[in-house]
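Raw upload15.cif, mmCIF, C-alpha atoms and all ligand atoms:
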data_entry
#
loop_
_atom_site.label_atom_id
_atom_site.label_comp_id
_atom_site.auth_asym_id
_atom_site.auth_seq_id
_atom_site.Cartn_x
_atom_site.Cartn_y
_atom_site.Cartn_z
CA MET T 15 1.17 -27.79 -3.33
CA ASN T 16 -1.59 -25.76 -1.61
CA LYS T 17 -2.64 -22.63 -3.43
CA ALA T 18 -3.43 -19.41 -1.52
CA TYR T 19 -6.43 -17.26 -2.47
CA ILE T 20 -7.97 -14.07 -1.15
CA LYS T 21 -11.15 -15.02 0.67
CA ALA T 22 -12.33 -11.63 1.98
CA LEU T 23 -11.43 -7.94 1.83
CA ALA T 24 -12.29 -4.75 3.73
CA ASN T 25 -11.14 -1.12 3.96
CA TYR T 26 -11.16 1.57 6.61
CA ILE T 27 -10.91 5.22 5.65
CA PRO T 28 -10.62 7.86 8.41
CA GLU T 29 -13.39 10.43 8.43
CA LYS T 30 -11.40 13.67 8.16
CA MET T 31 -10.71 14.68 4.56
CA MET T 32 -8.36 17.36 3.20
CA THR T 33 -8.68 18.81 -0.28
CA ASN T 34 -5.92 20.37 -2.38
CA GLU T 35 -7.52 23.75 -1.67
CA ASP T 36 -6.96 23.17 2.06
CA PHE T 37 -3.21 22.92 1.35
CA ALA T 38 -3.29 25.92 -0.99
CA ALA T 39 -4.60 27.95 1.97
CA THR T 40 -1.43 27.35 4.03
CA LEU T 41 1.33 26.37 1.55
CA GLU T 42 2.73 27.84 -1.65
CA THR T 43 0.87 25.37 -3.83
CA SER T 44 -2.32 25.10 -5.86
CA ASN T 45 -5.03 22.60 -6.74
CA GLU T 46 -3.83 22.80 -10.33
CA TRP T 47 -0.19 21.90 -9.49
CA ILE T 48 -1.18 18.99 -7.23
CA LEU T 49 -3.75 17.62 -9.68
CA THR T 50 -1.60 17.83 -12.79
CA ARG T 51 1.70 16.71 -11.18
CA THR T 52 0.23 13.90 -9.01
CA GLY T 53 -3.44 13.17 -9.87
CA ILE T 54 -4.46 13.64 -6.21
CA GLU T 55 -7.66 15.58 -5.44
CA GLN T 56 -8.08 14.80 -1.74
CA ARG T 57 -6.78 12.54 1.03
CA HIS T 58 -8.04 11.37 4.45
CA ILE T 59 -6.23 12.03 7.73
CA ALA T 60 -6.53 9.86 10.86
CA ALA T 61 -7.65 11.55 14.07
CA GLU T 62 -4.82 12.84 16.25
CA ASP T 63 -5.45 10.24 18.96
CA GLU T 64 -6.14 7.38 16.53
CA THR T 65 -3.40 4.74 16.69
CA THR T 66 -2.32 2.23 14.08
CA LEU T 67 -3.89 -0.47 16.28
CA ASP T 68 -7.18 1.49 16.37
CA MET T 69 -7.19 1.67 12.58
CA GLY T 70 -6.40 -2.03 12.36
CA MET T 71 -9.30 -2.96 14.65
CA LYS T 72 -11.68 -0.73 12.68
CA VAL T 73 -10.79 -2.40 9.38
CA LEU T 74 -11.25 -5.81 11.03
CA GLU T 75 -14.70 -4.71 12.26
CA ASN T 76 -15.56 -3.93 8.63
CA LEU T 77 -14.40 -7.44 7.67
CA LYS T 78 -16.44 -9.06 10.46
CA LYS T 79 -19.57 -7.15 9.33
CA GLN T 80 -19.38 -9.29 6.18
CA GLY T 81 -19.85 -12.38 8.38
CA ILE T 82 -16.19 -13.39 8.23
CA ASN T 83 -15.09 -15.54 11.17
CA LEU T 84 -11.51 -14.93 12.32
CA ASP T 85 -11.28 -17.74 14.93
CA ASP T 86 -9.17 -19.95 12.61
CA VAL T 87 -6.64 -17.28 11.68
CA ASP T 88 -3.14 -18.69 12.33
CA GLY T 89 -1.02 -15.83 10.96
CA ILE T 90 -1.21 -12.02 11.05
CA ILE T 91 1.07 -9.90 8.89
CA VAL T 92 0.93 -6.13 9.26
CA PRO T 93 2.77 -4.10 6.64
CA THR T 94 3.10 -0.57 8.03
CA THR T 95 5.51 2.35 8.16
CA THR T 96 3.82 3.63 11.33
CA LYS T 97 3.97 1.04 14.10
CA ASP T 98 2.41 1.87 17.46
CA TYR T 99 5.66 1.09 19.34
CA PRO T 100 9.22 0.07 18.41
CA THR T 101 8.24 -3.12 20.21
CA PRO T 102 5.90 -5.01 20.53
CA SER T 103 4.74 -5.29 16.96
CA THR T 104 1.37 -3.87 15.95
CA SER T 105 0.45 -7.33 14.61
CA ALA T 106 0.99 -8.77 18.12
CA LEU T 107 -1.29 -6.06 19.56
CA ILE T 108 -3.94 -7.03 17.02
CA GLN T 109 -3.51 -10.74 17.77
CA ASN T 110 -3.98 -9.97 21.45
CA ALA T 111 -7.08 -7.84 20.79
CA LEU T 112 -8.57 -10.65 18.68
CA GLY T 113 -7.76 -13.19 21.42
CA LEU T 114 -6.09 -15.57 18.94
CA LYS T 115 -3.90 -18.24 20.55
CA ASN T 116 -2.69 -20.61 17.80
CA CYS T 117 -1.38 -17.79 15.68
CA PHE T 118 1.86 -15.95 14.93
CA SER T 119 2.19 -12.22 14.23
CA LEU T 120 4.69 -10.26 12.18
CA ASP T 121 5.11 -6.58 11.22
CA LEU T 122 6.61 -6.25 7.77
CA SER T 123 8.76 -3.29 6.79
CA ALA T 124 8.69 -2.74 3.03
CA ALA T 125 7.07 0.73 2.88
CA CYS T 126 4.76 1.13 -0.14
CA SER T 127 5.58 -2.41 -1.32
CA GLY T 128 4.35 -3.78 2.02
CA TYR T 129 1.02 -5.14 0.73
CA VAL T 130 2.62 -7.04 -2.16
CA TYR T 131 5.45 -8.34 0.07
CA SER T 132 2.89 -9.43 2.70
CA ILE T 133 0.50 -11.13 0.27
CA ASN T 134 3.50 -12.96 -1.19
CA THR T 135 4.76 -13.94 2.28
CA ALA T 136 1.29 -15.14 3.33
CA THR T 137 1.08 -17.13 0.09
CA ALA T 138 4.41 -18.84 0.78
CA LEU T 139 3.27 -19.71 4.32
CA ILE T 140 0.02 -21.22 3.03
CA GLU T 141 1.64 -22.99 0.07
CA SER T 142 4.20 -24.61 2.38
CA GLY T 143 1.49 -25.75 4.81
CA VAL T 144 2.80 -23.64 7.71
CA CYS T 145 -0.45 -21.61 7.86
CA THR T 146 -4.03 -22.04 6.71
CA ASN T 147 -5.63 -18.62 7.19
CA VAL T 148 -3.49 -15.46 7.19
CA LEU T 149 -4.64 -11.87 7.70
CA VAL T 150 -2.68 -9.21 5.84
CA ILE T 151 -3.59 -5.87 7.41
CA ALA T 152 -1.91 -2.84 5.80
CA ILE T 153 -2.29 0.12 8.14
CA GLU T 154 -0.81 3.55 7.54
CA LYS T 155 -1.02 6.67 9.69
CA ILE T 156 1.65 8.06 7.43
CA THR T 157 0.56 11.69 7.76
CA LYS T 158 2.14 11.67 11.25
CA ASP T 159 5.54 11.45 9.50
CA VAL T 160 4.80 14.34 7.16
CA ASN T 161 6.15 17.85 7.56
CA TRP T 162 3.06 19.98 7.01
CA ASN T 163 5.29 22.90 5.99
CA ASP T 164 7.00 20.95 3.19
CA ARG T 165 4.87 21.34 0.06
CA SER T 166 6.86 18.69 -1.82
CA THR T 167 5.71 15.87 0.51
CA ALA T 168 2.75 17.18 2.59
CA ILE T 169 0.32 17.09 -0.32
CA LEU T 170 1.12 13.51 -1.31
CA PHE T 171 0.08 11.25 1.54
CA GLY T 172 -3.11 9.97 3.19
CA ASP T 173 -4.05 7.57 6.00
CA ALA T 174 -6.02 4.32 5.59
CA ALA T 175 -6.19 0.63 6.46
CA THR T 176 -7.07 -2.40 4.37
CA VAL T 177 -7.30 -6.11 5.16
CA ALA T 178 -7.13 -9.27 3.07
CA LEU T 179 -7.84 -12.72 4.47
CA LEU T 180 -5.84 -15.37 2.60
CA SER T 181 -6.78 -19.03 2.87
CA LYS T 182 -5.93 -22.39 1.38
CA SER T 183 -7.62 -22.73 -2.00
CA ASN T 184 -9.72 -25.74 -3.02
CA ASP T 185 -9.53 -25.15 -6.78
CA ASP T 186 -7.14 -23.47 -9.25
CA SER T 187 -7.87 -19.94 -7.98
CA GLY T 188 -5.13 -18.19 -6.05
CA VAL T 189 -1.70 -16.63 -6.36
CA ILE T 190 0.10 -17.89 -9.47
CA ALA T 191 3.22 -15.72 -9.65
CA MET T 192 5.17 -13.43 -7.33
CA ASP T 193 8.10 -11.05 -7.50
CA MET T 194 9.96 -9.22 -4.70
CA GLN T 195 13.06 -7.11 -5.25
CA SER T 196 14.96 -4.44 -3.33
CA ARG T 197 18.02 -2.20 -3.36
CA ALA T 198 19.34 0.01 -0.55
CA SER T 199 18.92 3.74 -1.09
CA ASP T 200 18.28 6.85 1.00
CA ILE T 201 16.35 8.82 -1.62
CA LEU T 202 13.13 8.08 0.26
CA ILE T 203 13.72 7.97 4.00
CA VAL T 204 12.49 8.90 7.47
CA PRO T 205 15.98 9.54 8.91
CA SER T 206 15.37 9.67 12.65
CA SER T 207 14.01 7.60 15.52
CA GLY T 208 16.03 4.44 14.94
CA THR T 209 19.58 3.66 16.10
CA ALA T 210 21.37 5.55 13.29
CA ILE T 211 19.91 8.96 14.05
CA PRO T 212 18.20 8.59 17.45
CA ILE T 213 15.41 10.84 18.66
CA SER T 214 16.91 14.02 20.15
CA VAL T 215 15.76 17.59 20.53
CA GLN T 216 18.28 18.61 17.86
CA ASN T 217 17.16 15.94 15.39
CA ILE T 218 13.53 16.90 15.90
CA GLU T 219 14.36 20.60 15.44
CA ASP T 220 16.12 19.62 12.20
CA GLY T 221 13.01 17.77 11.02
CA LYS T 222 14.84 14.44 10.79
CA HIS T 223 11.71 12.59 11.96
CA PHE T 224 9.84 13.59 8.79
CA ILE T 225 9.67 11.88 5.39
CA HIS T 226 12.40 13.11 3.03
CA MET T 227 12.04 12.23 -0.63
CA GLU T 228 14.01 13.08 -3.73
CA GLY T 229 10.82 13.07 -5.79
CA SER T 230 12.02 13.12 -9.37
CA GLU T 231 14.82 10.58 -8.72
CA THR T 232 12.30 8.27 -7.02
CA PHE T 233 9.95 8.75 -9.96
CA LYS T 234 12.59 7.70 -12.49
CA ILE T 235 13.52 4.51 -10.64
CA ALA T 236 9.85 3.71 -9.94
CA VAL T 237 8.80 3.67 -13.59
CA THR T 238 11.75 1.45 -14.56
CA GLU T 239 11.27 -1.06 -11.75
CA PHE T 240 7.48 -1.18 -12.19
CA CYS T 241 7.99 -2.34 -15.78
CA ASN T 242 10.79 -4.73 -14.81
CA SER T 243 8.66 -6.38 -12.09
CA ILE T 244 5.63 -6.71 -14.38
CA GLU T 245 7.76 -8.34 -17.08
CA LYS T 246 9.35 -10.78 -14.63
CA THR T 247 5.99 -11.77 -13.08
CA LEU T 248 4.23 -12.27 -16.42
CA LYS T 249 7.16 -14.38 -17.61
CA GLU T 250 6.96 -16.58 -14.53
CA ALA T 251 3.25 -17.15 -15.19
CA ASN T 252 3.83 -17.61 -18.93
CA MET T 253 1.35 -14.79 -19.60
CA SER T 254 1.24 -11.41 -21.31
CA MET T 255 -0.58 -8.19 -20.38
CA ASP T 256 -3.41 -9.42 -22.71
CA ASP T 257 -4.17 -12.13 -20.12
CA ILE T 258 -4.65 -9.59 -17.32
CA SER T 259 -8.23 -8.47 -16.55
CA CYS T 260 -7.34 -5.87 -13.95
CA PHE T 261 -4.05 -4.16 -13.07
CA ILE T 262 -3.69 -2.58 -9.63
CA PRO T 263 -0.51 -0.54 -9.26
CA HIS T 264 0.72 1.23 -6.13
CA GLN T 265 -0.84 4.68 -6.17
CA ALA T 266 1.86 7.34 -5.70
CA ASN T 267 1.54 9.44 -8.84
CA ILE T 268 -0.88 9.24 -11.76
CA ARG T 269 1.98 10.02 -14.15
CA ILE T 270 3.83 6.86 -13.02
CA ILE T 271 0.68 4.82 -13.72
CA GLN T 272 0.17 6.47 -17.13
CA TYR T 273 3.80 5.81 -18.06
CA VAL T 274 3.57 2.14 -17.06
CA ALA T 275 0.28 1.71 -19.00
CA LYS T 276 1.87 3.19 -22.11
CA LYS T 277 5.09 1.22 -21.78
CA THR T 278 3.33 -2.14 -21.22
CA GLY T 279 0.50 -1.41 -23.67
CA PHE T 280 -2.07 -2.16 -20.95
CA PRO T 281 -5.46 -0.43 -21.50
CA TYR T 282 -5.69 2.49 -19.06
CA ASP T 283 -9.40 1.84 -18.38
CA LYS T 284 -8.56 -1.60 -16.92
CA ILE T 285 -6.36 -0.01 -14.24
CA GLU T 286 -7.93 0.61 -10.82
CA ILE T 287 -7.29 4.24 -9.80
CA ILE T 288 -8.08 5.49 -6.29
CA LEU T 289 -5.19 7.95 -5.93
CA ASN T 290 -7.48 10.91 -6.64
CA LYS T 291 -9.61 10.09 -3.55
CA TYR T 292 -7.01 8.91 -1.03
CA GLY T 293 -3.56 10.20 -2.06
CA ASN T 294 -0.53 7.96 -1.50
CA THR T 295 -1.50 5.62 1.37
CA SER T 296 1.78 3.67 1.19
CA SER T 297 1.31 -0.06 1.86
CA ALA T 298 -2.50 0.35 1.96
CA SER T 299 -2.95 1.66 -1.58
CA ILE T 300 -3.18 -1.60 -3.56
CA GLY T 301 -5.49 -3.20 -0.98
CA LEU T 302 -7.78 -0.16 -0.98
CA ALA T 303 -8.06 -0.29 -4.77
CA LEU T 304 -8.53 -4.09 -4.85
CA THR T 305 -11.23 -3.98 -2.17
CA GLU T 306 -13.16 -1.22 -3.95
CA ALA T 307 -12.91 -3.03 -7.28
CA TYR T 308 -14.04 -6.32 -5.73
CA HIS T 309 -16.97 -4.88 -3.80
CA SER T 310 -18.16 -2.91 -6.83
CA GLY T 311 -18.41 -6.19 -8.79
CA LYS T 312 -15.55 -5.45 -11.20
CA ILE T 313 -13.61 -8.61 -10.32
CA LYS T 314 -15.04 -11.96 -11.41
CA LYS T 315 -14.01 -15.56 -10.73
CA GLY T 316 -11.29 -16.62 -13.17
CA ASP T 317 -9.99 -13.07 -13.73
CA ASN T 318 -6.21 -12.61 -13.63
CA ILE T 319 -5.38 -9.67 -11.36
CA LEU T 320 -1.91 -8.11 -11.25
CA PHE T 321 -0.61 -5.95 -8.37
CA THR T 322 2.68 -4.06 -8.71
CA ALA T 323 4.24 -1.84 -6.04
CA PHE T 324 7.27 0.38 -5.55
CA GLY T 325 8.43 2.07 -2.35
CA ALA T 326 11.13 3.10 0.09
CA GLY T 327 13.98 0.69 0.68
CA LEU T 328 13.97 0.76 -2.23
CA THR T 329 11.51 -2.13 -2.59
CA TRP T 330 9.34 -3.27 -5.47
CA GLY T 331 7.42 -6.34 -6.54
CA SER T 332 4.27 -7.91 -7.93
CA THR T 333 1.60 -10.49 -7.21
CA LEU T 334 -0.44 -12.20 -9.93
CA ILE T 335 -3.68 -13.84 -8.74
CA ARG T 336 -6.27 -15.91 -10.54
CA TRP T 337 -9.50 -14.90 -8.82
O1 LIG S 1 5.19 5.91 -2.79
C1 LIG S 1 6.54 5.62 -2.81
C2 LIG S 1 7.19 6.01 -4.07
N1 LIG S 1 7.01 7.41 -4.34
C3 LIG S 1 6.97 7.84 -5.57
O2 LIG S 1 7.01 7.03 -6.48
C4 LIG S 1 6.87 9.31 -5.80
C5 LIG S 1 7.65 9.68 -7.04
N2 LIG S 1 7.75 11.11 -7.26
C6 LIG S 1 6.73 11.89 -7.58
O3 LIG S 1 5.58 11.49 -7.59
C7 LIG S 1 7.02 13.31 -8.03
O4 LIG S 1 8.41 13.44 -8.20
C8 LIG S 1 6.50 14.40 -7.04
C9 LIG S 1 4.98 14.50 -7.13
C10 LIG S 1 6.92 14.09 -5.63
C11 LIG S 1 7.07 15.75 -7.46
O5 LIG S 1 6.73 16.04 -8.81
P1 LIG S 1 7.86 16.49 -9.85
O6 LIG S 1 7.16 16.76 -11.12
O7 LIG S 1 8.92 15.44 -9.86
O8 LIG S 1 8.36 17.83 -9.24
P2 LIG S 1 9.83 18.25 -8.76
O9 LIG S 1 10.12 17.61 -7.45
O10 LIG S 1 10.80 18.04 -9.89
O11 LIG S 1 9.64 19.81 -8.55
C12 LIG S 1 9.32 20.67 -9.65
C13 LIG S 1 9.01 22.03 -9.08
C14 LIG S 1 10.06 22.51 -8.07
O12 LIG S 1 10.22 23.91 -8.23
P3 LIG S 1 11.47 24.50 -9.05
O13 LIG S 1 12.70 23.99 -8.33
O14 LIG S 1 11.33 23.96 -10.43
O15 LIG S 1 11.26 25.97 -8.94
C15 LIG S 1 9.39 22.25 -6.75
O16 LIG S 1 9.82 23.12 -5.74
O17 LIG S 1 7.76 22.00 -8.39
C16 LIG S 1 7.95 22.55 -7.09
N3 LIG S 1 6.99 21.90 -6.19
C17 LIG S 1 5.76 22.38 -6.01
N4 LIG S 1 5.12 23.45 -6.53
C18 LIG S 1 3.84 23.64 -6.13
C19 LIG S 1 7.17 20.79 -5.44
N5 LIG S 1 6.05 20.53 -4.76
C20 LIG S 1 5.16 21.50 -5.08
C21 LIG S 1 3.83 21.78 -4.70
N6 LIG S 1 3.21 22.86 -5.26
N7 LIG S 1 3.14 21.00 -3.83
#

Using structure tokens, write down the structure that the file contains.
Amino acid sequence: MNKAYIKALANYIPEKMMTNEDFAATLETSNEWILTRTGIEQRHIAAEDETTLDMGMKVLENLKKQGINLDDVDGIIVPTTTKDYPTPSTSALIQNALGLKNCFSLDLSAACSGYVYSINTATALIESGVCTNVLVIAIEKITKDVNWNDRSTAILFGDAATVALLSKSNDDSGVIAMDMQSRASDILIVPSSGTAIPISVQNIEDGKHFIHMEGSETFKIAVTEFCNSIEKTLKEANMSMDDISCFIPHQANIRIIQYVAKKTGFPYDKIEIILNKYGNTSSASIGLALTEAYHSGKIKKGDNILFTAFGAGLTWGSTLIRW
């Protein structure tokens, strides 16, 4: 069986940045509350006229600057909660902009678990021989779905894009275990703009097009399923947390990460944390952290890297990679 490995990585962070103090100026909140309850210090916001496609092309430019050739890409997967259009898919727009002919494109809807689901899907496509080189481009302009008057959600999210190029491996490096799980729930939902609650003046006036989250309920399920997914993935690989060099969890709340570290006994200093700088960037968060860790030289060949995500759906899952 072919193995799939991550060949190249890049990030794109929009220029505009908002601090906790910026929110404290307009909402009944404080830097202290946001920092202690979430771990977030700042987040970046895409420009008003910047589309998901624009962000995708910018992150690909950052990949190409590393000398990466995309001519042989035969699959594009875009996890995103903020597509440009209901149809066509953003991945198809990217394929078109790249001028790729022998290639398929797919948008993947798994909210904050989108990166893990997409890496796992790309791996399955490469392992089965369907594809050879797959781009996973997680792009989130999630702040467009945020009600800026709702202090319980507005302070949480940030915009970003990240790309991973997966290719067929020639040695024993690559993905060695995967987990994907889900359960239907409306505790984290953008209610309107689909067929169930269509766009209407009334629904917009009622704020149905914004993110609604039952925060503490989501928190409770997240910590449980994080631990469950880690356990399942390690078991599949016949490993323990002692074999993991670097753990990259989805970045929604520092207290979730601290809880998971304590529960699994994983050393906190081996966890990649970027939440303070970027907030919750949904499907982009694990890729952002992985890319920063890789480019700063923290990840070495042979290291076992574990990603674990949790998000709306509800969805959760993990990827374990030997670098
Ligand atoms: O990424 C996908 C998955 N998402 C998650 O995993 C997120 C999970 N949830 C969380 O991270 C946390 O639940 C939140 C950060 C969203 C909220 O933190 P919490 O400690 O669970 O707070 P809470 O919702 O229980 O609210 C506690 C209090 C409430 O006031 P009362 O009712 O006790 O008077 C809220 O109104 O904190 C209040 N509050 C705020 N106060 C100041 C909520 N947001 C704010 C705020 N500033 N920004």

Of the listed residues T:Ile190, T:Ile48, T:Met31, T:Leu304, that which approaches ligand LIG 1 (chain S) most closely, counting all atoms listed in the file: T:Ile48

Given all atoms listed in the file as the counted atoms, nearest of T:Thr247, T:Ser181, T:Thr52, T:Gln195 to Asp86 in chain T: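 Among T:Thr247, T:Ser181, T:Thr52, T:Gln195, it is T:Ser181 that comes nearest to Asp86 in chain T.
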
Answer as a PyMOL selection string, residues within 12 Å of (13.1, -1.9, -4.2) using all atoms listed in the file: chain T and resi 123-128+130-131+193-202+232+235-240+242-243+322-332

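Distance-wise, CA of Ile156 in chain T and CA of Gln80 in chain T end up 27.3 Å apart.
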
Within 12 Å of Tyr308 in chain T using only C-alpha atoms, minus same-chain residues under 6 positions, as a ChimeraX atom specification: /T:20-25,178,260,262,286,301-302,314-315,317,319,337

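Across the model, the gap from atom O4 of ligand LIG 1 (chain S) to CA of Ile300 in chain T is 19.5 Å.
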
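The protein and nucleic acid residues lying at most 8 Å from Glu29 in chain T are His58, Ile59 and Ala60 of chain T, with only C-alpha atoms considered and sequence neighbours fewer than 6 positions away removed.
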